[in-house]
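Heads up, run-v3.pdb below (PDB, C-alpha atoms and all ligand atoms):
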ATOM      1  CA  MET A1113     109.668  80.876  84.231  1.00  0.00           C
ATOM      2  CA  ILE A1114     107.287  81.522  87.137  1.00  0.00           C
ATOM      3  CA  LYS A1115     105.777  78.641  89.072  1.00  0.00           C
ATOM      4  CA  VAL A1116     101.991  78.595  88.643  1.00  0.00           C
ATOM      5  CA  GLY A1117      99.898  76.989  91.380  1.00  0.00           C
ATOM      6  CA  GLY A1118      96.550  77.525  89.653  1.00  0.00           C
ATOM      7  CA  LEU A1119      94.774  79.273  86.817  1.00  0.00           C
ATOM      8  CA  LEU A1120      91.299  80.804  86.647  1.00  0.00           C
ATOM      9  CA  PRO A1121      90.378  81.382  82.984  1.00  0.00           C
ATOM     10  CA  PHE A1122      87.779  84.083  83.627  1.00  0.00           C
ATOM     11  CA  THR A1123      86.845  86.619  86.297  1.00  0.00           C
ATOM     12  CA  MET A1124      84.968  89.904  86.329  1.00  0.00           C
ATOM     13  CA  ILE A1125      85.780  90.867  89.912  1.00  0.00           C
ATOM     14  CA  ASP A1126      89.530  90.675  90.464  1.00  0.00           C
ATOM     15  CA  PHE A1127      90.613  93.519  88.166  1.00  0.00           C
ATOM     16  CA  PRO A1128      88.027  96.347  88.283  1.00  0.00           C
ATOM     17  CA  GLY A1129      86.447  97.075  84.907  1.00  0.00           C
ATOM     18  CA  LYS A1130      88.351  94.308  83.106  1.00  0.00           C
ATOM     19  CA  LEU A1131      87.494  90.805  81.996  1.00  0.00           C
ATOM     20  CA  SER A1132      90.495  88.848  83.167  1.00  0.00           C
ATOM     21  CA  ALA A1133      92.210  85.558  83.791  1.00  0.00           C
ATOM     22  CA  VAL A1134      93.891  84.961  87.162  1.00  0.00           C
ATOM     23  CA  ILE A1135      97.280  83.323  87.570  1.00  0.00           C
ATOM     24  CA  PHE A1136      97.822  82.001  91.112  1.00  0.00           C
ATOM     25  CA  CYS A1137     101.544  82.183  91.718  1.00  0.00           C
ATOM     26  CA  GLN A1138     103.115  79.510  93.897  1.00  0.00           C
ATOM     27  CA  GLY A1139     104.865  80.471  97.143  1.00  0.00           C
ATOM     28  CA  CYS A1140     104.351  83.029  99.885  1.00  0.00           C
ATOM     29  CA  LEU A1141     106.515  84.461 102.657  1.00  0.00           C
ATOM     30  CA  LEU A1142     103.635  85.075 105.069  1.00  0.00           C
ATOM     31  CA  ASN A1143     101.547  82.644 107.072  1.00  0.00           C
ATOM     32  CA  CYS A1144      98.233  84.384 107.676  1.00  0.00           C
ATOM     33  CA  PRO A1145      95.949  82.363 109.963  1.00  0.00           C
ATOM     34  CA  TYR A1146      92.992  82.924 107.639  1.00  0.00           C
ATOM     35  CA  CYS A1147      94.802  81.855 104.450  1.00  0.00           C
ATOM     36  CA  HIS A1148      92.424  80.175 102.023  1.00  0.00           C
ATOM     37  CA  ASN A1149      95.209  79.038  99.735  1.00  0.00           C
ATOM     38  CA  PRO A1150      97.603  77.183 102.082  1.00  0.00           C
ATOM     39  CA  GLU A1151      98.529  74.880  99.197  1.00  0.00           C
ATOM     40  CA  LEU A1152     100.069  77.935  97.514  1.00  0.00           C
ATOM     41  CA  GLN A1153     102.274  78.869 100.477  1.00  0.00           C
ATOM     42  CA  SER A1154     105.278  76.603  99.919  1.00  0.00           C
ATOM     43  CA  PRO A1155     107.502  77.638  96.989  1.00  0.00           C
ATOM     44  CA  ALA A1156     108.725  74.020  96.842  1.00  0.00           C
ATOM     45  CA  THR A1157     105.345  72.439  96.031  1.00  0.00           C
ATOM     46  CA  LYS A1158     105.220  70.624  92.708  1.00  0.00           C
ATOM     47  CA  THR A1159     102.603  72.368  90.597  1.00  0.00           C
ATOM     48  CA  GLN A1160     100.308  71.067  87.874  1.00  0.00           C
ATOM     49  CA  VAL A1161     100.072  74.079  85.537  1.00  0.00           C
ATOM     50  CA  THR A1162     103.013  74.925  83.277  1.00  0.00           C
ATOM     51  CA  TRP A1163     103.875  78.405  82.038  1.00  0.00           C
ATOM     52  CA  GLU A1164     103.401  77.130  78.472  1.00  0.00           C
ATOM     53  CA  GLU A1165      99.797  76.206  79.326  1.00  0.00           C
ATOM     54  CA  VAL A1166      99.226  79.701  80.712  1.00  0.00           C
ATOM     55  CA  VAL A1167     100.594  81.302  77.539  1.00  0.00           C
ATOM     56  CA  ASP A1168      98.460  78.996  75.357  1.00  0.00           C
ATOM     57  CA  LEU A1169      95.341  79.998  77.290  1.00  0.00           C
ATOM     58  CA  LEU A1170      96.184  83.691  77.019  1.00  0.00           C
ATOM     59  CA  LYS A1171      96.799  83.383  73.281  1.00  0.00           C
ATOM     60  CA  SER A1172      93.432  81.652  72.820  1.00  0.00           C
ATOM     61  CA  ARG A1173      91.588  84.403  74.770  1.00  0.00           C
ATOM     62  CA  GLN A1174      93.166  87.465  73.192  1.00  0.00           C
ATOM     63  CA  ASN A1175      89.863  88.701  71.767  1.00  0.00           C
ATOM     64  CA  LEU A1176      87.838  87.852  74.878  1.00  0.00           C
ATOM     65  CA  LEU A1177      89.871  89.135  77.825  1.00  0.00           C
ATOM     66  CA  ASP A1178      91.378  92.528  78.663  1.00  0.00           C
ATOM     67  CA  GLY A1179      93.593  91.685  81.582  1.00  0.00           C
ATOM     68  CA  VAL A1180      95.581  89.194  83.602  1.00  0.00           C
ATOM     69  CA  VAL A1181      95.653  89.196  87.396  1.00  0.00           C
ATOM     70  CA  LEU A1182      98.743  87.955  89.174  1.00  0.00           C
ATOM     71  CA  SER A1183      97.613  86.616  92.527  1.00  0.00           C
ATOM     72  CA  GLY A1184      98.853  84.032  94.948  1.00  0.00           C
ATOM     73  CA  GLY A1185     100.496  83.141  97.137  1.00  0.00           C
ATOM     74  CA  GLU A1186     102.704  86.169  96.750  1.00  0.00           C
ATOM     75  CA  PRO A1187     103.580  86.817  93.091  1.00  0.00           C
ATOM     76  CA  LEU A1188     106.532  89.045  94.033  1.00  0.00           C
ATOM     77  CA  ILE A1189     108.395  86.152  95.633  1.00  0.00           C
ATOM     78  CA  GLN A1190     109.241  84.820  92.152  1.00  0.00           C
ATOM     79  CA  LYS A1191     112.400  86.183  90.569  1.00  0.00           C
ATOM     80  CA  GLU A1192     111.100  85.596  87.038  1.00  0.00           C
ATOM     81  CA  LEU A1193     107.990  87.723  87.574  1.00  0.00           C
ATOM     82  CA  PRO A1194     109.216  90.790  85.595  1.00  0.00           C
ATOM     83  CA  GLN A1195     109.902  88.558  82.588  1.00  0.00           C
ATOM     84  CA  ALA A1196     106.486  86.881  82.911  1.00  0.00           C
ATOM     85  CA  ILE A1197     104.782  90.280  83.051  1.00  0.00           C
ATOM     86  CA  ARG A1198     106.584  91.417  79.921  1.00  0.00           C
ATOM     87  CA  GLU A1199     105.425  88.283  78.103  1.00  0.00           C
ATOM     88  CA  ILE A1200     101.817  88.777  79.256  1.00  0.00           C
ATOM     89  CA  LYS A1201     101.891  92.400  78.117  1.00  0.00           C
ATOM     90  CA  SER A1202     103.379  91.431  74.752  1.00  0.00           C
ATOM     91  CA  LEU A1203     100.171  89.425  74.174  1.00  0.00           C
ATOM     92  CA  GLY A1204      98.170  92.627  74.563  1.00  0.00           C
ATOM     93  CA  TYR A1205      96.952  92.281  78.154  1.00  0.00           C
ATOM     94  CA  GLN A1206      96.945  94.760  81.002  1.00  0.00           C
ATOM     95  CA  VAL A1207      98.294  93.336  84.244  1.00  0.00           C
ATOM     96  CA  ALA A1208      96.885  93.621  87.771  1.00  0.00           C
ATOM     97  CA  LEU A1209      98.807  92.557  90.872  1.00  0.00           C
ATOM     98  CA  HIS A1210      97.411  91.195  94.131  1.00  0.00           C
ATOM     99  CA  THR A1211     100.118  91.498  96.776  1.00  0.00           C
ATOM    100  CA  SER A1212     100.790  91.552 100.488  1.00  0.00           C
ATOM    101  CA  GLY A1213     103.260  94.397  99.946  1.00  0.00           C
ATOM    102  CA  ALA A1214     105.864  92.493 101.957  1.00  0.00           C
ATOM    103  CA  LEU A1215     108.575  92.750  99.259  1.00  0.00           C
ATOM    104  CA  PRO A1216     108.958  96.441  98.335  1.00  0.00           C
ATOM    105  CA  ASP A1217     112.145  95.963  96.286  1.00  0.00           C
ATOM    106  CA  ALA A1218     110.501  93.321  94.095  1.00  0.00           C
ATOM    107  CA  LEU A1219     107.453  95.570  93.798  1.00  0.00           C
ATOM    108  CA  ALA A1220     109.609  98.473  92.597  1.00  0.00           C
ATOM    109  CA  ALA A1221     110.955  96.283  89.777  1.00  0.00           C
ATOM    110  CA  VAL A1222     107.500  95.563  88.300  1.00  0.00           C
ATOM    111  CA  LEU A1223     105.528  98.675  89.230  1.00  0.00           C
ATOM    112  CA  PRO A1224     105.878 100.494  85.872  1.00  0.00           C
ATOM    113  CA  ASP A1225     104.191  97.533  84.126  1.00  0.00           C
ATOM    114  CA  ILE A1226     101.207  97.219  86.476  1.00  0.00           C
ATOM    115  CA  SER A1227      97.806  98.788  85.755  1.00  0.00           C
ATOM    116  CA  TRP A1228      95.971  98.023  89.019  1.00  0.00           C
ATOM    117  CA  ILE A1229      96.953  96.764  92.477  1.00  0.00           C
ATOM    118  CA  GLY A1230      95.046  95.016  95.250  1.00  0.00           C
ATOM    119  CA  LEU A1231      97.116  95.573  98.407  1.00  0.00           C
ATOM    120  CA  ASP A1232      96.305  93.377 101.409  1.00  0.00           C
ATOM    121  CA  VAL A1233      96.750  95.259 104.643  1.00  0.00           C
ATOM    122  CA  LYS A1234      96.613  92.518 107.216  1.00  0.00           C
ATOM    123  CA  GLY A1235      96.285  94.271 110.541  1.00  0.00           C
ATOM    124  CA  ALA A1236      97.275  97.171 112.760  1.00  0.00           C
ATOM    125  CA  PHE A1237     100.861  98.178 111.987  1.00  0.00           C
ATOM    126  CA  SER A1238     101.676  98.144 115.699  1.00  0.00           C
ATOM    127  CA  LYS A1239     101.245  94.328 115.749  1.00  0.00           C
ATOM    128  CA  TYR A1240     101.475  93.357 112.105  1.00  0.00           C
ATOM    129  CA  HIS A1241     103.321  90.111 112.839  1.00  0.00           C
ATOM    130  CA  GLU A1242     100.227  88.634 114.501  1.00  0.00           C
ATOM    131  CA  ALA A1243      97.974  89.092 111.481  1.00  0.00           C
ATOM    132  CA  SER A1244     100.646  88.013 108.987  1.00  0.00           C
ATOM    133  CA  GLY A1245     101.843  84.990 110.983  1.00  0.00           C
ATOM    134  CA  THR A1246     105.450  86.186 110.925  1.00  0.00           C
ATOM    135  CA  LYS A1247     108.171  86.892 113.479  1.00  0.00           C
ATOM    136  CA  PRO A1248     108.220  90.512 114.739  1.00  0.00           C
ATOM    137  CA  GLU A1249     111.887  90.824 113.764  1.00  0.00           C
ATOM    138  CA  PHE A1250     110.959  90.349 110.092  1.00  0.00           C
ATOM    139  CA  LYS A1251     109.302  93.794 110.289  1.00  0.00           C
ATOM    140  CA  ILE A1252     106.696  92.939 107.640  1.00  0.00           C
ATOM    141  CA  GLY A1253     104.539  95.901 108.673  1.00  0.00           C
ATOM    142  CA  GLU A1254     107.376  98.311 107.858  1.00  0.00           C
ATOM    143  CA  ALA A1255     107.852  96.640 104.462  1.00  0.00           C
ATOM    144  CA  VAL A1256     104.138  97.037 103.713  1.00  0.00           C
ATOM    145  CA  GLN A1257     104.287 100.730 104.669  1.00  0.00           C
ATOM    146  CA  LYS A1258     107.207 101.156 102.255  1.00  0.00           C
ATOM    147  CA  SER A1259     105.245  99.422  99.477  1.00  0.00           C
ATOM    148  CA  LEU A1260     102.215 101.590 100.188  1.00  0.00           C
ATOM    149  CA  ASP A1261     104.290 104.763  99.879  1.00  0.00           C
ATOM    150  CA  MET A1262     105.700 103.513  96.593  1.00  0.00           C
ATOM    151  CA  ILE A1263     102.259 102.680  95.187  1.00  0.00           C
ATOM    152  CA  LEU A1264     100.848 106.052  96.239  1.00  0.00           C
ATOM    153  CA  LYS A1265     103.778 107.834  94.616  1.00  0.00           C
ATOM    154  CA  SER A1266     103.314 105.861  91.382  1.00  0.00           C
ATOM    155  CA  GLY A1267      99.726 107.046  90.923  1.00  0.00           C
ATOM    156  CA  ILE A1268      98.652 103.531  89.870  1.00  0.00           C
ATOM    157  CA  PRO A1269      94.997 102.906  90.841  1.00  0.00           C
ATOM    158  CA  PHE A1270      94.751 100.511  93.756  1.00  0.00           C
ATOM    159  CA  GLU A1271      92.593  99.181  96.524  1.00  0.00           C
ATOM    160  CA  ALA A1272      93.790  98.523 100.086  1.00  0.00           C
ATOM    161  CA  ARG A1273      91.817  95.729 101.739  1.00  0.00           C
ATOM    162  CA  THR A1274      91.621  93.877 104.998  1.00  0.00           C
ATOM    163  CA  THR A1275      90.165  90.474 105.829  1.00  0.00           C
ATOM    164  CA  THR A1276      88.266  90.817 109.087  1.00  0.00           C
ATOM    165  CA  ASP A1277      89.345  87.645 110.843  1.00  0.00           C
ATOM    166  CA  PRO A1278      88.298  88.228 114.475  1.00  0.00           C
ATOM    167  CA  ARG A1279      91.212  86.056 115.668  1.00  0.00           C
ATOM    168  CA  VAL A1280      93.740  88.574 114.355  1.00  0.00           C
ATOM    169  CA  VAL A1281      92.023  91.966 114.100  1.00  0.00           C
ATOM    170  CA  THR A1282      89.703  93.945 116.355  1.00  0.00           C
ATOM    171  CA  LYS A1283      87.608  96.956 115.430  1.00  0.00           C
ATOM    172  CA  GLU A1284      90.247  99.087 117.162  1.00  0.00           C
ATOM    173  CA  ASP A1285      92.966  97.546 114.961  1.00  0.00           C
ATOM    174  CA  ILE A1286      90.927  98.273 111.845  1.00  0.00           C
ATOM    175  CA  TRP A1287      90.322 101.845 112.937  1.00  0.00           C
ATOM    176  CA  GLU A1288      94.054 102.350 113.641  1.00  0.00           C
ATOM    177  CA  MET A1289      95.001 100.953 110.242  1.00  0.00           C
ATOM    178  CA  ALA A1290      92.245 102.715 108.306  1.00  0.00           C
ATOM    179  CA  SER A1291      93.164 106.058 109.896  1.00  0.00           C
ATOM    180  CA  TYR A1292      96.786 105.530 108.849  1.00  0.00           C
ATOM    181  CA  LEU A1293      95.754 104.648 105.293  1.00  0.00           C
ATOM    182  CA  SER A1294      93.427 107.634 105.059  1.00  0.00           C
ATOM    183  CA  GLN A1295      96.117 110.041 106.308  1.00  0.00           C
ATOM    184  CA  LYS A1296      98.491 108.655 103.698  1.00  0.00           C
ATOM    185  CA  GLY A1297      95.997 109.426 100.943  1.00  0.00           C
ATOM    186  CA  VAL A1298      94.493 106.013 100.205  1.00  0.00           C
ATOM    187  CA  GLN A1299      91.208 106.551  98.372  1.00  0.00           C
ATOM    188  CA  THR A1300      89.759 103.036  98.116  1.00  0.00           C
ATOM    189  CA  TYR A1301      89.522 100.703 101.090  1.00  0.00           C
ATOM    190  CA  ALA A1302      87.656  97.392 101.364  1.00  0.00           C
ATOM    191  CA  LEU A1303      86.694  95.232 104.319  1.00  0.00           C
ATOM    192  CA  GLN A1304      86.398  91.561 103.404  1.00  0.00           C
ATOM    193  CA  GLU A1305      84.460  89.229 105.663  1.00  0.00           C
ATOM    194  CA  TYR A1306      86.385  86.218 106.912  1.00  0.00           C
ATOM    195  CA  ARG A1307      85.222  82.902 105.433  1.00  0.00           C
ATOM    196  CA  PRO A1308      85.817  79.851 107.612  1.00  0.00           C
ATOM    197  CA  CYS A1309      88.371  77.555 105.997  1.00  0.00           C
ATOM    198  CA  GLU A1310      88.730  73.819 106.116  1.00  0.00           C
ATOM    199  CA  ASN A1311      91.953  72.559 107.678  1.00  0.00           C
ATOM    200  CA  GLY A1312      92.858  75.955 109.143  1.00  0.00           C
ATOM    201  CA  ARG A1313      95.701  75.931 111.644  1.00  0.00           C
ATOM    202  CA  MET A1314      93.741  77.783 114.351  1.00  0.00           C
ATOM    203  CA  PRO A1315      90.342  76.912 115.883  1.00  0.00           C
ATOM    204  CA  GLU A1316      87.544  78.634 113.993  1.00  0.00           C
ATOM    205  CA  PRO A1317      86.105  81.796 115.586  1.00  0.00           C
ATOM    206  CA  PRO A1318      82.424  81.889 116.626  1.00  0.00           C
ATOM    207  CA  ALA A1319      80.071  82.944 113.827  1.00  0.00           C
ATOM    208  CA  ALA A1320      78.884  85.925 115.900  1.00  0.00           C
ATOM    209  CA  ALA A1321      82.461  87.255 116.105  1.00  0.00           C
ATOM    210  CA  ILE A1322      82.835  86.995 112.311  1.00  0.00           C
ATOM    211  CA  THR A1323      79.701  89.022 111.599  1.00  0.00           C
ATOM    212  CA  ALA A1324      80.097  91.521 114.460  1.00  0.00           C
ATOM    213  CA  PHE A1325      82.209  93.909 112.335  1.00  0.00           C
ATOM    214  CA  TYR A1326      79.324  94.274 109.902  1.00  0.00           C
ATOM    215  CA  GLN A1327      76.545  94.723 112.424  1.00  0.00           C
ATOM    216  CA  ASP A1328      78.059  97.865 113.906  1.00  0.00           C
ATOM    217  CA  ALA A1329      76.586 100.550 111.635  1.00  0.00           C
ATOM    218  CA  ALA A1330      78.337 103.403 113.472  1.00  0.00           C
ATOM    219  CA  PHE A1331      81.731 101.715 112.999  1.00  0.00           C
ATOM    220  CA  LEU A1332      81.141 101.208 109.275  1.00  0.00           C
ATOM    221  CA  LYS A1333      79.945 104.781 108.851  1.00  0.00           C
ATOM    222  CA  LYS A1334      83.061 106.110 110.581  1.00  0.00           C
ATOM    223  CA  LEU A1335      85.244 104.056 108.248  1.00  0.00           C
ATOM    224  CA  GLU A1336      83.272 105.216 105.231  1.00  0.00           C
ATOM    225  CA  SER A1337      83.962 108.832 106.169  1.00  0.00           C
ATOM    226  CA  LEU A1338      87.728 108.237 105.777  1.00  0.00           C
ATOM    227  CA  PHE A1339      87.726 107.196 102.123  1.00  0.00           C
ATOM    228  CA  GLU A1340      86.464 108.313  98.765  1.00  0.00           C
ATOM    229  CA  SER A1341      85.363 104.729  98.161  1.00  0.00           C
ATOM    230  CA  PHE A1342      84.656 102.284 101.003  1.00  0.00           C
ATOM    231  CA  ILE A1343      83.702  98.746  99.995  1.00  0.00           C
ATOM    232  CA  VAL A1344      82.171  96.020 102.165  1.00  0.00           C
ATOM    233  CA  ARG A1345      82.504  92.434 100.875  1.00  0.00           C
ATOM    234  CA  ARG A1346      80.426  89.958 102.814  1.00  0.00           C
ATOM    235  CA  ALA A1347      81.193  86.257 102.502  1.00  0.00           C
TER     236      ALA A1347
HETATM  237  S1  LIG B   1      99.606  86.538 102.033  1.00  0.00           S
HETATM  238 FE1  LIG B   1      97.853  85.493 101.070  1.00  0.00          FE
HETATM  239  S2  LIG B   1      98.700  83.554 100.305  1.00  0.00           S
HETATM  240 FE2  LIG B   1     100.184  84.372 101.765  1.00  0.00          FE
HETATM  241  S3  LIG B   1      99.666  83.371 103.710  1.00  0.00           S
HETATM  242 FE3  LIG B   1      98.604  85.362 103.658  1.00  0.00          FE
HETATM  243  S4  LIG B   1      96.571  84.919 102.813  1.00  0.00           S
HETATM  244 FE4  LIG B   1      97.897  83.146 102.339  1.00  0.00          FE
END
As structure tokens - that is how I would like this structure written.
Ligand code: SF4
Amino acid sequence: MIKVGGLLPFTMIDFPGKLSAVIFCQGCLLNCPYCHNPELQSPATKTQVTWEEVVDLLKSRQNLLDGVVLSGGEPLIQKELPQAIREIKSLGYQVALHTSGALPDALAAVLPDISWIGLDVKGAFSKYHEASGTKPEFKIGEAVQKSLDMILKSGIPFEARTTTDPRVVTKEDIWEMASYLSQKGVQTYALQEYRPCENGRMPEPPAAAITAFYQDAAFLKKLESLFESFIVRRA
């Protein structure tokens, strides 16, 4: 069964409108400089939480929770994910997926069973490798575009969101990406302020650079005009 790197028994914010538990899936194929869960990146890491423990928790919360969020890491990296989703749904839960969108084929396999998606859009598609910490030849940006098209076609409610790490995105990058998303028909877009992380692999940016995105009212207003719902999440 899937490898679980962590478990949050209760959240009100990760699956809109639902009281949920969050399963942090082990392993990721990206290497974002701002990653706050580097311990979840390696698929080989020995984990502490068993699938049986997850199922026991979900059985004990059946009358208290509505949903389960699959987050990570990158949940779609795990081959057993479709089976895990079926088991979660058989317990009466709706399932939300937090994903980088880097694995469109794996996404296609689970999409019919997903009720809400949080899609991380890391940076401008013209230089996606920089924001995702991957080699340009892996063409992660193209994979994310394919996933986005698939999600839009499915009609499943979702949010596209970007972490504004000033080391990997500029306002111009965000504008380029937001314009693309808007043209595609994305309705909900969120900017998430970068939170400094301990033991990051790059020197921390100056505090003024982190907040600069949010002090430019004209920039935020322009972004807001592109979407039906524009969300700003400050750290
Ligand atoms: S996709 Fe998420 S888990 Fe993976 S490296 Fe990036 S921030 Fe970390």
Checklist entry - Selected by the PyMOL selection byres (((chain A and resi 1214) around 10) and not hetatm) in the shown coordinates: which residues, as a PyMOL selection string? => result chain A and resi 1140-1142+1186+1188-1189+1211-1213+1215-1219+1231-1233+1244+1250-1260
Checklist entry - Neighbours of ligand LIG 1 (chain B) within 12 Å, counting all atoms listed in the file, as JSON, numbers by chain? => result {"A": [1117, 1136, 1137, 1138, 1139, 1140, 1141, 1142, 1143, 1144, 1145, 1146, 1147, 1148, 1149, 1150, 1151, 1152, 1153, 1154, 1155, 1182, 1183, 1184, 1185, 1186, 1187, 1188, 1189, 1210, 1211, 1212, 1213, 1214, 1215, 1230, 1231, 1232, 1233, 1234, 1235, 1240, 1241, 1242, 1243, 1244, 1245, 1246, 1252, 1256, 1273, 1274, 1275, 1276, 1277, 1306, 1307, 1309, 1312, 1313]}
3 Å per side around stretch 1316-1325 of chain A: axis-aligned box centre and edge lengths, as JSON:
{"center_x": 83.2, "center_y": 86.3, "center_z": 114.1, "size_x": 14.7, "size_y": 21.3, "size_z": 11.0}
Checklist entry - Suppose you want the space between atom CA of A:Ala1321 and atom CA of A:Arg1346; what is it in Å? => result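 Between these atoms lies a distance of 13.7 Å.
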Item to check | Contact residues around stretch 1171-1178 of chain A with all atoms listed in the file at 8 Å, ignoring same-chain residues under 3 positions, as an MDAnalysis selection string | outcome: chainID A and resid 1122 1130:1133 1167:1168 1203:1206
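If only C-alpha atoms are the atoms counted, then among A:Ala1329, A:Met1289, A:Ala1302, A:Ile1125 the closest residue to A:Phe1237 is A:Met1289.
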Next on the checklist: What's the separation between atom CA of A:Leu1338 and atom CA of A:Met1124, in Å to one decimal place?
Outcome noted: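 Straight-line distance from atom CA of A:Leu1338 to atom CA of A:Met1124 works out to 26.9 Å.
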Next on the checklist: Could you list, as a VMD selection string, every residue within 10 Å of A:Ala1324, counting only C-alpha atoms and ignoring same-chain residues fewer than 3 positions away?
Outcome noted: chain A and resid 1276 1278 1283 1319 to 1321 1327 to 1328
Just write the chosen residues, C-alpha atoms, as a CSV table (one decimal), keeping the file's coordinate frame.
chain,number,residue,atom,x,y,z
A,1276,THR,CA,88.3,90.8,109.1
A,1278,PRO,CA,88.3,88.2,114.5
A,1283,LYS,CA,87.6,97.0,115.4
A,1319,ALA,CA,80.1,82.9,113.8
A,1320,ALA,CA,78.9,85.9,115.9
A,1321,ALA,CA,82.5,87.3,116.1
A,1327,GLN,CA,76.5,94.7,112.4
A,1328,ASP,CA,78.1,97.9,113.9
Next on the checklist: Can you measure atom CA of A:Thr1300 to atom CA of A:Leu1223 for me? One decimal in Å is fine.
Outcome noted: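 Result for atom CA of A:Thr1300 versus atom CA of A:Leu1223: 18.6 Å, one decimal.
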Next on the checklist: List as a list of chain:residue names the residues having at least one atom at most 8 Å from position (103.8, 84.9, 87.5) as given in the file, counting all atoms listed in the file.
Outcome noted: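 These residues have at least one counted atom within 8 Å: A:Met1113, A:Ile1114, A:Lys1115, A:Val1116, A:Ile1135, A:Phe1136, A:Cys1137, A:Leu1182, A:Pro1187, A:Gln1190, A:Glu1192, A:Leu1193, A:Ala1196, A:Ile1197.
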Checklist entry - Of the candidates A:Ile1286, A:Ile1343, A:Val1281, A:Ile1322, which one gets nearest to A:Gln1299 if we count all atoms listed in the file? => result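 Using all atoms listed in the file, the shortest distance to A:Gln1299 belongs to A:Ile1343.
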Checklist entry - Which polymer residues have any atom within 9 Å of an atom of A:Val1344, counting all atoms listed in the file, with same-chain residues fewer than 5 positions away left out, as a list in words? => result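 Near A:Val1344, the qualifying residues are Tyr1301, Ala1302, Leu1303, Gln1304, Glu1305, Tyr1326 and Leu1332 of chain A.
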Item to check | Nearest to A:Gln1160, chosen from A:Ala1290, A:Val1181, A:Ile1200, A:Leu1119, with all atoms listed in the file counted in the distances | outcome: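 Using all atoms listed in the file, the shortest distance to A:Gln1160 belongs to A:Leu1119.
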What would stretch 1218-1232 of chain A look like with N, CA and C atoms in place, written as a compact mmCIF listing (two decimals), in the coordinates of the input?
# COMPACT_ATOMS: atom_id res chain seq x y z
N ALA A 1218 111.04 94.07 95.24
CA ALA A 1218 110.50 93.32 94.10
C ALA A 1218 109.33 94.09 93.48
N LEU A 1219 108.57 94.77 94.32
CA LEU A 1219 107.45 95.57 93.80
C LEU A 1219 107.98 96.70 92.90
N ALA A 1220 109.05 97.35 93.37
CA ALA A 1220 109.61 98.47 92.60
C ALA A 1220 110.01 98.02 91.19
N ALA A 1221 110.47 96.78 91.07
CA ALA A 1221 110.96 96.28 89.78
C ALA A 1221 109.83 96.09 88.77
N VAL A 1222 108.60 95.84 89.26
CA VAL A 1222 107.50 95.56 88.30
C VAL A 1222 106.49 96.70 88.19
N LEU A 1223 106.56 97.63 89.14
CA LEU A 1223 105.53 98.68 89.23
C LEU A 1223 105.20 99.39 87.91
N PRO A 1224 106.21 99.77 87.11
CA PRO A 1224 105.88 100.49 85.87
C PRO A 1224 105.01 99.70 84.90
N ASP A 1225 104.96 98.37 85.06
CA ASP A 1225 104.19 97.53 84.13
C ASP A 1225 102.83 97.12 84.67
N ILE A 1226 102.45 97.66 85.84
CA ILE A 1226 101.21 97.22 86.48
C ILE A 1226 100.13 98.29 86.31
N SER A 1227 98.91 97.84 85.99
CA SER A 1227 97.81 98.79 85.76
C SER A 1227 96.86 98.93 86.95
N TRP A 1228 96.83 97.95 87.83
CA TRP A 1228 95.97 98.02 89.02
C TRP A 1228 96.55 97.11 90.10
N ILE A 1229 96.39 97.55 91.37
CA ILE A 1229 96.95 96.76 92.48
C ILE A 1229 95.89 96.55 93.55
N GLY A 1230 95.82 95.33 94.05
CA GLY A 1230 95.05 95.02 95.25
C GLY A 1230 96.06 94.77 96.36
N LEU A 1231 96.11 95.68 97.34
CA LEU A 1231 97.12 95.57 98.41
C LEU A 1231 96.45 95.09 99.69
N ASP A 1232 96.84 93.90 100.15
CA ASP A 1232 96.30 93.38 101.41
C ASP A 1232 97.00 94.07 102.57
